[in-house]
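Enquirer: File name coords21.pdb; file contents PDB, C-alpha atoms and all ligand atoms; full text below.
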```pdb
MODEL        1
ATOM      1  CA  MET A 201       0.000   0.000   0.000  1.00  0.00           C
ATOM      2  CA  LYS A 202       1.210   3.488  -0.825  1.00  0.00           C
ATOM      3  CA  VAL A 203       0.263   6.573   1.172  1.00  0.00           C
ATOM      4  CA  THR A 204       0.819  10.071  -0.223  1.00  0.00           C
ATOM      5  CA  PHE A 205       0.402  13.099   2.023  1.00  0.00           C
ATOM      6  CA  PHE A 206      -0.743  16.369   0.439  1.00  0.00           C
ATOM      7  CA  SER A 207      -1.372  18.655   3.398  1.00  0.00           C
ATOM      8  CA  HIS A 208      -3.776  19.015   6.299  1.00  0.00           C
ATOM      9  CA  SER A 209      -5.740  15.700   6.367  1.00  0.00           C
ATOM     10  CA  THR A 210      -5.599  15.087   2.624  1.00  0.00           C
ATOM     11  CA  CYS A 211      -3.920  11.774   1.791  1.00  0.00           C
ATOM     12  CA  MET A 212      -4.099   9.391  -1.144  1.00  0.00           C
ATOM     13  CA  LEU A 213      -3.973   5.649  -0.520  1.00  0.00           C
ATOM     14  CA  LYS A 214      -3.093   3.317  -3.360  1.00  0.00           C
ATOM     15  CA  VAL A 215      -4.412  -0.181  -2.662  1.00  0.00           C
ATOM     16  CA  HIS A 216      -4.849  -2.933  -5.263  1.00  0.00           C
ATOM     17  CA  GLU A 217      -4.385  -0.386  -8.061  1.00  0.00           C
ATOM     18  CA  LYS A 218      -7.258   1.683  -6.641  1.00  0.00           C
ATOM     19  CA  TYR A 219      -6.746   5.317  -5.637  1.00  0.00           C
ATOM     20  CA  LEU A 220      -8.537   6.428  -2.472  1.00  0.00           C
ATOM     21  CA  LEU A 221      -8.406  10.124  -1.664  1.00  0.00           C
ATOM     22  CA  ILE A 222      -9.123  11.113   1.933  1.00  0.00           C
ATOM     23  CA  ASP A 223     -10.649  14.472   2.967  1.00  0.00           C
ATOM     24  CA  PRO A 224      -9.660  16.648  -0.030  1.00  0.00           C
ATOM     25  CA  PHE A 225      -8.750  20.196   1.029  1.00  0.00           C
ATOM     26  CA  LEU A 226      -6.544  21.657  -1.687  1.00  0.00           C
ATOM     27  CA  SER A 227      -8.030  24.461  -3.796  1.00  0.00           C
ATOM     28  CA  GLU A 228      -8.595  26.699  -0.765  1.00  0.00           C
ATOM     29  CA  ASN A 229      -5.729  25.377   1.294  1.00  0.00           C
ATOM     30  CA  PRO A 230      -3.151  28.150   1.894  1.00  0.00           C
ATOM     31  CA  ILE A 231      -0.364  25.599   1.346  1.00  0.00           C
ATOM     32  CA  PHE A 232      -1.520  25.011  -2.263  1.00  0.00           C
ATOM     33  CA  ARG A 233      -2.148  28.658  -3.106  1.00  0.00           C
ATOM     34  CA  ASN A 234      -1.966  29.288  -6.872  1.00  0.00           C
ATOM     35  CA  GLU A 235      -1.295  25.646  -7.677  1.00  0.00           C
ATOM     36  CA  ASN A 236      -3.341  23.665 -10.163  1.00  0.00           C
ATOM     37  CA  VAL A 237      -4.731  20.871  -7.968  1.00  0.00           C
ATOM     38  CA  PHE A 238      -5.620  18.747 -11.001  1.00  0.00           C
ATOM     39  CA  LYS A 239      -1.907  18.272 -11.640  1.00  0.00           C
ATOM     40  CA  LEU A 240      -1.692  16.304  -8.383  1.00  0.00           C
ATOM     41  CA  PHE A 241      -3.826  13.357  -9.519  1.00  0.00           C
ATOM     42  CA  LYS A 242      -3.854  11.128 -12.585  1.00  0.00           C
ATOM     43  CA  LYS A 243      -6.726   9.078 -11.279  1.00  0.00           C
ATOM     44  CA  ILE A 244      -9.092   9.036  -8.295  1.00  0.00           C
ATOM     45  CA  ASP A 245     -11.399   6.050  -7.769  1.00  0.00           C
ATOM     46  CA  TYR A 246     -12.835   6.843  -4.338  1.00  0.00           C
ATOM     47  CA  ILE A 247     -13.087   9.826  -2.018  1.00  0.00           C
ATOM     48  CA  LEU A 248     -13.406   9.027   1.690  1.00  0.00           C
ATOM     49  CA  LEU A 249     -14.841  11.756   3.911  1.00  0.00           C
ATOM     50  CA  THR A 250     -14.500  11.607   7.683  1.00  0.00           C
ATOM     51  CA  HIS A 251     -16.872  14.504   8.483  1.00  0.00           C
ATOM     52  CA  ALA A 252     -18.537  17.550   6.910  1.00  0.00           C
ATOM     53  CA  HIS A 253     -16.198  20.360   7.982  1.00  0.00           C
ATOM     54  CA  TYR A 254     -14.994  22.491   5.114  1.00  0.00           C
ATOM     55  CA  ASP A 255     -11.321  21.654   5.610  1.00  0.00           C
ATOM     56  CA  HIS A 256     -12.263  18.022   4.776  1.00  0.00           C
ATOM     57  CA  VAL A 257     -14.915  18.244   2.041  1.00  0.00           C
ATOM     58  CA  CYS A 258     -13.845  21.432   0.247  1.00  0.00           C
ATOM     59  CA  ASP A 259     -12.912  19.847  -3.111  1.00  0.00           C
ATOM     60  CA  VAL A 260     -15.440  17.014  -3.450  1.00  0.00           C
ATOM     61  CA  GLU A 261     -17.508  18.803  -6.105  1.00  0.00           C
ATOM     62  CA  LEU A 262     -14.459  20.121  -7.980  1.00  0.00           C
ATOM     63  CA  LEU A 263     -12.822  16.689  -8.174  1.00  0.00           C
ATOM     64  CA  THR A 264     -15.948  14.632  -8.942  1.00  0.00           C
ATOM     65  CA  ARG A 265     -16.694  17.014 -11.849  1.00  0.00           C
ATOM     66  CA  LYS A 266     -13.173  16.590 -13.224  1.00  0.00           C
ATOM     67  CA  TYR A 267     -12.577  12.857 -12.699  1.00  0.00           C
ATOM     68  CA  ASN A 268     -15.225  10.404 -13.910  1.00  0.00           C
ATOM     69  CA  ASN A 269     -16.843   7.751 -11.793  1.00  0.00           C
ATOM     70  CA  ILE A 270     -15.492   8.681  -8.361  1.00  0.00           C
ATOM     71  CA  LEU A 271     -17.467   6.991  -5.584  1.00  0.00           C
ATOM     72  CA  VAL A 272     -17.719   9.136  -2.446  1.00  0.00           C
ATOM     73  CA  ILE A 273     -17.826   7.057   0.756  1.00  0.00           C
ATOM     74  CA  SER A 274     -18.864   8.684   4.008  1.00  0.00           C
ATOM     75  CA  ASN A 275     -21.547   8.596   6.652  1.00  0.00           C
ATOM     76  CA  TYR A 276     -25.186   8.465   5.544  1.00  0.00           C
ATOM     77  CA  GLU A 277     -25.884  12.206   5.930  1.00  0.00           C
ATOM     78  CA  ILE A 278     -22.757  13.394   4.078  1.00  0.00           C
ATOM     79  CA  SER A 279     -23.410  10.845   1.319  1.00  0.00           C
ATOM     80  CA  ASN A 280     -26.974  12.104   0.937  1.00  0.00           C
ATOM     81  CA  TYR A 281     -25.777  15.705   0.790  1.00  0.00           C
ATOM     82  CA  PHE A 282     -23.460  14.993  -2.150  1.00  0.00           C
ATOM     83  CA  ASN A 283     -25.828  12.514  -3.808  1.00  0.00           C
ATOM     84  CA  LYS A 284     -28.417  15.296  -4.100  1.00  0.00           C
ATOM     85  CA  LYS A 285     -25.801  17.209  -6.103  1.00  0.00           C
ATOM     86  CA  GLY A 286     -25.610  14.314  -8.582  1.00  0.00           C
ATOM     87  CA  ILE A 287     -22.468  12.718  -7.131  1.00  0.00           C
ATOM     88  CA  LYS A 288     -22.155   8.926  -6.849  1.00  0.00           C
ATOM     89  CA  THR A 289     -22.033   8.083  -3.134  1.00  0.00           C
ATOM     90  CA  CYS A 290     -22.082   5.238  -0.663  1.00  0.00           C
ATOM     91  CA  GLY A 291     -23.367   6.022   2.829  1.00  0.00           C
ATOM     92  CA  ILE A 292     -22.263   3.851   5.732  1.00  0.00           C
ATOM     93  CA  ASN A 293     -22.354   4.126   9.496  1.00  0.00           C
ATOM     94  CA  TYR A 294     -20.805   2.639  12.620  1.00  0.00           C
ATOM     95  CA  GLY A 295     -20.910  -1.090  13.207  1.00  0.00           C
ATOM     96  CA  SER A 296     -19.682  -3.303  10.393  1.00  0.00           C
ATOM     97  CA  PHE A 297     -17.083  -3.864   7.722  1.00  0.00           C
ATOM     98  CA  ILE A 298     -18.310  -3.081   4.206  1.00  0.00           C
ATOM     99  CA  SER A 299     -16.567  -4.795   1.274  1.00  0.00           C
ATOM    100  CA  PHE A 300     -15.137  -2.832  -1.628  1.00  0.00           C
ATOM    101  CA  PRO A 301     -12.819  -3.915  -4.481  1.00  0.00           C
ATOM    102  CA  PHE A 302      -9.830  -2.535  -2.507  1.00  0.00           C
ATOM    103  CA  GLY A 303     -10.663  -4.197   0.829  1.00  0.00           C
ATOM    104  CA  LYS A 304     -13.119  -3.790   3.667  1.00  0.00           C
ATOM    105  CA  LEU A 305     -13.939  -0.552   5.356  1.00  0.00           C
ATOM    106  CA  LYS A 306     -15.478   0.235   8.707  1.00  0.00           C
ATOM    107  CA  TYR A 307     -16.697   3.676   9.807  1.00  0.00           C
ATOM    108  CA  ILE A 308     -15.322   4.348  13.288  1.00  0.00           C
ATOM    109  CA  TRP A 309     -16.569   6.588  16.069  1.00  0.00           C
ATOM    110  CA  ALA A 310     -14.837   9.983  16.513  1.00  0.00           C
ATOM    111  CA  ALA A 311     -15.362  12.651  19.168  1.00  0.00           C
ATOM    112  CA  HIS A 312     -15.696  15.843  17.134  1.00  0.00           C
ATOM    113  CA  SER A 313     -18.521  17.667  15.284  1.00  0.00           C
ATOM    114  CA  SER A 314     -19.755  17.558  11.698  1.00  0.00           C
ATOM    115  CA  VAL A 315     -21.644  20.303   9.881  1.00  0.00           C
ATOM    116  CA  PHE A 316     -21.385  21.707   6.359  1.00  0.00           C
ATOM    117  CA  ASN A 317     -20.488  25.363   5.781  1.00  0.00           C
ATOM    118  CA  ASP A 318     -24.093  26.031   4.662  1.00  0.00           C
ATOM    119  CA  GLY A 319     -25.364  24.781   8.037  1.00  0.00           C
ATOM    120  CA  THR A 320     -26.536  21.340   6.816  1.00  0.00           C
ATOM    121  CA  TYR A 321     -26.183  18.625   9.445  1.00  0.00           C
ATOM    122  CA  GLY A 322     -23.254  16.369   8.592  1.00  0.00           C
ATOM    123  CA  GLY A 323     -24.148  13.285  10.646  1.00  0.00           C
ATOM    124  CA  ASN A 324     -21.827  11.881  13.262  1.00  0.00           C
ATOM    125  CA  PRO A 325     -18.124  12.475  12.640  1.00  0.00           C
ATOM    126  CA  GLY A 326     -15.948   9.431  12.098  1.00  0.00           C
ATOM    127  CA  GLY A 327     -12.804   7.794  10.915  1.00  0.00           C
ATOM    128  CA  PHE A 328     -12.108   4.739   8.775  1.00  0.00           C
ATOM    129  CA  LEU A 329     -10.615   1.369   9.550  1.00  0.00           C
ATOM    130  CA  LEU A 330      -9.409  -0.181   6.318  1.00  0.00           C
ATOM    131  CA  HIS A 331      -8.484  -3.870   6.187  1.00  0.00           C
ATOM    132  CA  THR A 332      -6.779  -5.065   3.001  1.00  0.00           C
ATOM    133  CA  ASP A 333      -4.453  -7.922   2.155  1.00  0.00           C
ATOM    134  CA  GLU A 334      -1.776  -5.240   1.708  1.00  0.00           C
ATOM    135  CA  GLY A 335      -2.196  -4.363   5.408  1.00  0.00           C
ATOM    136  CA  ASN A 336      -4.563  -2.598   7.785  1.00  0.00           C
ATOM    137  CA  ILE A 337      -4.694   1.127   8.283  1.00  0.00           C
ATOM    138  CA  TYR A 338      -6.696   3.411  10.579  1.00  0.00           C
ATOM    139  CA  ILE A 339      -7.584   6.970   9.624  1.00  0.00           C
ATOM    140  CA  SER A 340      -9.020   8.636  12.717  1.00  0.00           C
ATOM    141  CA  GLY A 341     -10.304  11.871  11.157  1.00  0.00           C
ATOM    142  CA  ASP A 342     -10.629  14.878  13.470  1.00  0.00           C
ATOM    143  CA  THR A 343     -11.082  13.567  16.996  1.00  0.00           C
ATOM    144  CA  SER A 344      -9.775  13.735  20.521  1.00  0.00           C
ATOM    145  CA  VAL A 345      -8.293  10.589  21.970  1.00  0.00           C
ATOM    146  CA  ILE A 346     -11.181   8.295  22.922  1.00  0.00           C
ATOM    147  CA  TYR A 347     -11.317   5.073  24.862  1.00  0.00           C
ATOM    148  CA  GLU A 348     -13.117   3.390  21.942  1.00  0.00           C
ATOM    149  CA  MET A 349      -9.758   3.345  20.117  1.00  0.00           C
ATOM    150  CA  ASN A 350      -8.896   0.321  22.298  1.00  0.00           C
ATOM    151  CA  LEU A 351     -11.369  -1.703  20.219  1.00  0.00           C
ATOM    152  CA  ILE A 352      -9.645  -1.050  16.909  1.00  0.00           C
ATOM    153  CA  PRO A 353      -6.673  -3.456  17.272  1.00  0.00           C
ATOM    154  CA  THR A 354      -9.062  -6.243  18.327  1.00  0.00           C
ATOM    155  CA  PHE A 355     -10.194  -6.327  14.676  1.00  0.00           C
ATOM    156  CA  GLY A 356      -6.611  -6.818  13.448  1.00  0.00           C
ATOM    157  CA  LYS A 357      -3.059  -5.496  13.758  1.00  0.00           C
ATOM    158  CA  LEU A 358      -2.484  -2.041  12.254  1.00  0.00           C
ATOM    159  CA  LYS A 359       0.386  -1.264   9.896  1.00  0.00           C
ATOM    160  CA  LEU A 360      -0.208   2.477  10.100  1.00  0.00           C
ATOM    161  CA  SER A 361      -2.445   4.968  11.894  1.00  0.00           C
ATOM    162  CA  ILE A 362      -3.145   8.390  10.426  1.00  0.00           C
ATOM    163  CA  LEU A 363      -3.800  10.724  13.362  1.00  0.00           C
ATOM    164  CA  PRO A 364      -4.218  14.497  13.753  1.00  0.00           C
ATOM    165  CA  ILE A 365      -1.536  16.070  15.946  1.00  0.00           C
ATOM    166  CA  GLY A 366      -2.101  19.824  15.601  1.00  0.00           C
ATOM    167  CA  GLY A 367      -4.299  20.306  18.691  1.00  0.00           C
ATOM    168  CA  LYS A 368      -6.949  22.971  19.335  1.00  0.00           C
ATOM    169  CA  TYR A 369      -9.636  21.225  17.214  1.00  0.00           C
ATOM    170  CA  THR A 370      -8.235  17.680  17.456  1.00  0.00           C
ATOM    171  CA  MET A 371      -5.693  15.605  19.337  1.00  0.00           C
ATOM    172  CA  ASP A 372      -2.350  17.209  20.004  1.00  0.00           C
ATOM    173  CA  VAL A 373       0.906  15.257  20.222  1.00  0.00           C
ATOM    174  CA  GLU A 374       0.297  14.198  23.835  1.00  0.00           C
ATOM    175  CA  GLU A 375      -3.160  12.776  23.043  1.00  0.00           C
ATOM    176  CA  ALA A 376      -1.951  11.164  19.807  1.00  0.00           C
ATOM    177  CA  ILE A 377       0.704   9.251  21.788  1.00  0.00           C
ATOM    178  CA  ILE A 378      -2.005   7.930  24.136  1.00  0.00           C
ATOM    179  CA  ALA A 379      -4.127   7.061  21.081  1.00  0.00           C
ATOM    180  CA  SER A 380      -1.245   5.127  19.531  1.00  0.00           C
ATOM    181  CA  ASP A 381      -0.995   3.093  22.756  1.00  0.00           C
ATOM    182  CA  PHE A 382      -4.733   2.315  22.631  1.00  0.00           C
ATOM    183  CA  LEU A 383      -4.345   1.368  18.968  1.00  0.00           C
ATOM    184  CA  LYS A 384      -1.227  -0.767  19.627  1.00  0.00           C
ATOM    185  CA  SER A 385       0.175   1.127  16.657  1.00  0.00           C
ATOM    186  CA  GLU A 386       3.922   1.750  16.297  1.00  0.00           C
ATOM    187  CA  LYS A 387       3.815   3.754  13.077  1.00  0.00           C
ATOM    188  CA  ILE A 388       1.872   7.014  13.008  1.00  0.00           C
ATOM    189  CA  LEU A 389       1.452   9.414  10.119  1.00  0.00           C
ATOM    190  CA  GLY A 390       0.773  12.845  11.617  1.00  0.00           C
ATOM    191  CA  VAL A 391      -1.784  15.083   9.886  1.00  0.00           C
ATOM    192  CA  HIS A 392      -3.877  18.214  10.612  1.00  0.00           C
ATOM    193  CA  TYR A 393      -0.953  20.417  11.681  1.00  0.00           C
ATOM    194  CA  ASP A 394       0.818  23.533  10.335  1.00  0.00           C
ATOM    195  CA  THR A 395      -1.927  24.330   7.778  1.00  0.00           C
ATOM    196  CA  PHE A 396      -3.001  27.344   9.825  1.00  0.00           C
ATOM    197  CA  GLU A 397      -1.267  29.442  12.482  1.00  0.00           C
ATOM    198  CA  ASP A 398      -3.398  28.022  15.319  1.00  0.00           C
ATOM    199  CA  ILE A 399      -2.386  24.402  14.679  1.00  0.00           C
ATOM    200  CA  ARG A 400       1.324  24.973  14.230  1.00  0.00           C
ATOM    201  CA  ILE A 401       3.598  22.447  15.983  1.00  0.00           C
ATOM    202  CA  ASP A 402       7.282  21.852  16.683  1.00  0.00           C
ATOM    203  CA  LYS A 403       7.823  18.906  14.329  1.00  0.00           C
ATOM    204  CA  GLU A 404      11.194  17.810  15.658  1.00  0.00           C
ATOM    205  CA  GLN A 405       9.954  17.881  19.240  1.00  0.00           C
ATOM    206  CA  ALA A 406       6.842  15.900  18.267  1.00  0.00           C
ATOM    207  CA  GLN A 407       8.914  13.180  16.602  1.00  0.00           C
ATOM    208  CA  LYS A 408      11.233  13.000  19.628  1.00  0.00           C
ATOM    209  CA  ARG A 409       8.273  12.513  21.965  1.00  0.00           C
ATOM    210  CA  PHE A 410       6.952   9.601  19.907  1.00  0.00           C
ATOM    211  CA  PHE A 411      10.442   8.122  19.611  1.00  0.00           C
ATOM    212  CA  LYS A 412      10.820   8.138  23.421  1.00  0.00           C
ATOM    213  CA  LYS A 413       7.705   5.929  23.620  1.00  0.00           C
ATOM    214  CA  GLY A 414       9.173   3.499  21.091  1.00  0.00           C
ATOM    215  CA  LYS A 415       7.011   4.777  18.250  1.00  0.00           C
ATOM    216  CA  GLU A 416       7.669   6.391  14.912  1.00  0.00           C
ATOM    217  CA  LEU A 417       5.924   9.633  13.974  1.00  0.00           C
ATOM    218  CA  ILE A 418       6.139  10.060  10.209  1.00  0.00           C
ATOM    219  CA  LEU A 419       5.782  13.638   8.981  1.00  0.00           C
ATOM    220  CA  LEU A 420       5.815  14.012   5.206  1.00  0.00           C
ATOM    221  CA  GLU A 421       6.481  17.005   2.990  1.00  0.00           C
ATOM    222  CA  LYS A 422       3.527  17.779   0.732  1.00  0.00           C
ATOM    223  CA  GLY A 423       3.287  15.328  -2.158  1.00  0.00           C
ATOM    224  CA  LYS A 424       5.636  12.768  -0.588  1.00  0.00           C
ATOM    225  CA  THR A 425       4.778   9.063  -0.566  1.00  0.00           C
ATOM    226  CA  ILE A 426       5.566   6.185   1.796  1.00  0.00           C
ATOM    227  CA  CYS A 427       5.134   2.462   1.150  1.00  0.00           C
ATOM    228  CA  ILE A 428       3.838   0.436   4.062  1.00  0.00           C
TER     229      ILE A 428
HETATM  230 NI    NI A 501     -13.216  19.088  11.742  1.00  0.00          NI
HETATM  231 MN    MN A 502     -10.424  19.641  10.479  1.00  0.00          MN
ENDMDL
END
```
Just give me the structure as structure tokens.
Ligand code: NI
Ligand code: MN

Expert:
Amino acid sequence: MKVTFFSHSTCMLKVHEKYLLIDPFLSENPIFRNENVFKLFKKIDYILLTHAHYDHVCDVELLTRKYNNILVISNYEISNYFNKKGIKTCGINYGSFISFPFGKLKYIWAAHSSVFNDGTYGGNPGGFLLHTDEGNIYISGDTSVIYEMNLIPTFGKLKLSILPIGGKYTMDVEEAIIASDFLKSEKILGVHYDTFEDIRIDKEQAQKRFFKKGKELILLEKGKTICI
């Protein structure tokens, strides 16, 4: 499995030749100012949305207009919202694995909020647990650390967890370390930091703190890819 980090919470997973884009926030992301976001992707098969906040759903309409046949996967309310705009969607909710050509996906509880910029209710916020024969990965979405994270490794060992570390609206480094213990996860890809002034972190310090706990905090430059 390949994981490419773009910025904020936007990542692309490549699994079984399928391209899964998570929480696209590019065209209005200050880090991509004046860049043509279409140059970033040759192909997108799926868009996974953790919750309805603008910094996670900003480019759904832009990208689904440009790339044919994208299936948007999210909670029932977010799926309905985009389906009404003519976008192909699949709405799921907490409680079971759903099979897709790339593997099986479970929508996971998150402690956050979820509302669209126009005030439409965005259902319960969540994350995704993805089990594939190329490995298992957990994408928490925006959340604090929650005790429910203890359940996630009971479904299978994780190769990677994608966790927010910027604080203020989500977990900070301290909470993300506790989360990684709950998850029994040694490899963490940090997201949701440095995009804006109020979620700026000391990257070196953050990596040191994870290292001291025997864990690896991976922080990628925009556009960089890791193989797991
Ligand atoms: Ni949010
Ligand atoms: Mn956010």

Enquirer: Hey, which residues sit close to ligand MN 502 (chain A)? Say within 10 Å, counting only C-alpha atoms and all ligand atoms, and write them as a short mmCIF file (atom, residue, chain, number, x, y, z; two decimals) with C-alpha atoms, keeping the file's coordinate frame.

Expert:
```cif
data_model
loop_
_atom_site.label_atom_id
_atom_site.label_comp_id
_atom_site.auth_asym_id
_atom_site.auth_seq_id
_atom_site.Cartn_x
_atom_site.Cartn_y
_atom_site.Cartn_z
CA HIS A 208 -3.78 19.02 6.30
CA SER A 209 -5.74 15.70 6.37
CA ASP A 223 -10.65 14.47 2.97
CA PHE A 225 -8.75 20.20 1.03
CA THR A 250 -14.50 11.61 7.68
CA HIS A 251 -16.87 14.50 8.48
CA ALA A 252 -18.54 17.55 6.91
CA HIS A 253 -16.20 20.36 7.98
CA TYR A 254 -14.99 22.49 5.11
CA ASP A 255 -11.32 21.65 5.61
CA HIS A 256 -12.26 18.02 4.78
CA VAL A 257 -14.92 18.24 2.04
CA HIS A 312 -15.70 15.84 17.13
CA SER A 313 -18.52 17.67 15.28
CA SER A 314 -19.76 17.56 11.70
CA GLY A 341 -10.30 11.87 11.16
CA ASP A 342 -10.63 14.88 13.47
CA THR A 343 -11.08 13.57 17.00
CA PRO A 364 -4.22 14.50 13.75
CA GLY A 366 -2.10 19.82 15.60
CA TYR A 369 -9.64 21.22 17.21
CA THR A 370 -8.24 17.68 17.46
CA VAL A 391 -1.78 15.08 9.89
CA HIS A 392 -3.88 18.21 10.61
CA TYR A 393 -0.95 20.42 11.68
#
```

Enquirer: Can you work out which one of A:Asn234, A:Ser296, A:Asn324, A:Asn283 has the shortest atom-to-atom distance to ligand NI 501 (chain A), counting all atoms listed in the file?

Expert: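 Answer, going by the shortest atom-to-atom distance: A:Asn324.
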
Enquirer: Using only C-alpha atoms, which of A:Leu263, A:Ile278, A:Leu360, A:Ile244 sits nearest Cys427 of chain A?

Expert: A:Leu360

Enquirer: On this structure, which residues satisfy the PyMOL selection byres (((chain A and resi 222) around 6) and not hetatm), written as a ChimeraX atom specification?

Expert: /A:210-211,221,223-224,247-248

Enquirer: Residue by residue, what does the PyMOL selection byres (((chain A and resi 332) around 9) and not hetatm) grab here? Present the result as a tab-separated table (two decimals) with C-alpha atoms, keeping the file's coordinate frame.

Expert:
```
chain	number	residue	atom	x	y	z
A	201	MET	CA	0.00	0.00	0.00
A	215	VAL	CA	-4.41	-0.18	-2.66
A	216	HIS	CA	-4.85	-2.93	-5.26
A	302	PHE	CA	-9.83	-2.54	-2.51
A	303	GLY	CA	-10.66	-4.20	0.83
A	304	LYS	CA	-13.12	-3.79	3.67
A	305	LEU	CA	-13.94	-0.55	5.36
A	330	LEU	CA	-9.41	-0.18	6.32
A	331	HIS	CA	-8.48	-3.87	6.19
A	333	ASP	CA	-4.45	-7.92	2.15
A	334	GLU	CA	-1.78	-5.24	1.71
A	335	GLY	CA	-2.20	-4.36	5.41
A	336	ASN	CA	-4.56	-2.60	7.78
A	337	ILE	CA	-4.69	1.13	8.28
```

Enquirer: Let me make sure I understand: among A:Gly423, A:Gly326, A:Gly390, A:Gly291, which one has the smallest atom-to-atom distance to ligand NI 501 (chain A) if we use only C-alpha atoms and all ligand atoms?

Expert: A:Gly326

Enquirer: Quick one, how far is atom CA of Trp309 of chain A from atom CA of Asp398 of chain A?

Expert: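 Atom CA of Trp309 of chain A sits 25.2 Å away from atom CA of Asp398 of chain A.
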
Enquirer: Box along x, y and z, 8 Å on every side, all listed atoms of segment 249-264 of chain A inside: centre and edge lengths in Å to one decimal, as JSON.

Expert:
```
{"center_x": -14.9, "center_y": 17.0, "center_z": -0.2, "size_x": 23.2, "size_y": 26.9, "size_z": 33.4}
```

Enquirer: So, with only C-alpha atoms and all ligand atoms as the atoms that count, which of A:Phe316, A:Tyr294, A:Phe232, A:Phe205 lies closest to ligand NI 501 (chain A)?

Expert: A:Phe316

Enquirer: Which is closer to Pro230 of chain A than all the others in A:Phe410, A:Cys290, A:Ser207, A:Asp245, using only C-alpha atoms?

Expert: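 Counting only C-alpha atoms, the residue closest to Pro230 of chain A is A:Ser207.
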
Enquirer: How would you write, as a PyMOL selection string, the residues chosen by the PyMOL selection byres (((chain A and resi 293) around 6) and not hetatm) on this structure?

Expert: chain A and resi 275+292+294+307

Enquirer: Between A:Lys408, A:Leu249, A:Val345, A:Phe300, which one has atoms that come closest to ligand NI 501 (chain A), using all atoms listed in the file?

Expert: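 For ligand NI 501 (chain A), the nearest of the given residues is A:Leu249.
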
Enquirer: Using all atoms listed in the file, which protein or nucleic acid residues come within 9 Å of segment 266-269 of chain A? Drop anything in the same chain fewer than 3 positions from it, and give the result as a PyMOL selection string.

Expert: chain A and resi 238+242-246+261-263+287-288

Enquirer: Separation of atom CA of Leu363 of chain A and atom CA of Tyr338 of chain A, in Å?

Expert: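 If I compute the distance from atom CA of Leu363 of chain A to atom CA of Tyr338 of chain A, I get 8.3 Å.
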
Enquirer: Figure out the distance between atom CA of Gly322 of chain A and atom CA of Glu375 of chain A, please, to one decimal in Å.

Expert: 25.0 Å

Enquirer: Mind listing as an MDAnalysis selection string all residues within 9 Å of (3.2, 6.0, 13.4), counting all atoms listed in the file?

Expert: chainID A and resid 359:363 380 385:390 410 415:418

Enquirer: Please provide as JSON, numbers by chain all residues within 9 Å of Ile401 of chain A, with the sequence filter that same-chain residues fewer than 2 positions apart are discarded (counting all atoms listed in the file).

Expert: {"A": [365, 366, 367, 372, 373, 393, 394, 398, 399, 403, 404, 405, 406]}

Enquirer: Find the residues near Gly286 of chain A: any atom within 10 Å, counting all atoms listed in the file, skip ones fewer than 5 places away on the same chain, and give them as a list of chain:residue names.

Expert: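 Result of the neighbour search: A:Glu261, A:Thr264, A:Arg265, A:Asn280, A:Tyr281.
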
Enquirer: List as a list in words the protein and nucleic acid residues near Lys384 of chain A, meaning an atom at most 9 Å away when all atoms listed in the file are counted, but skip any in the same chain fewer than 5 places from it.

Expert: Asn350, Ile352, Pro353, Lys357, Leu358 and Ala379 of chain A

Enquirer: Quick one: write out the picked residues with C-alpha atoms as a PDB file, in the frame of the given file?

Expert:
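Written output follows (out_8.pdb):
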```pdb
ATOM      1  CA  ASN A 350      -8.896   0.321  22.298  1.00  0.00           C
ATOM      2  CA  ILE A 352      -9.645  -1.050  16.909  1.00  0.00           C
ATOM      3  CA  PRO A 353      -6.673  -3.456  17.272  1.00  0.00           C
ATOM      4  CA  LYS A 357      -3.059  -5.496  13.758  1.00  0.00           C
ATOM      5  CA  LEU A 358      -2.484  -2.041  12.254  1.00  0.00           C
ATOM      6  CA  ALA A 379      -4.127   7.061  21.081  1.00  0.00           C
TER       7      ALA A 379
END
```
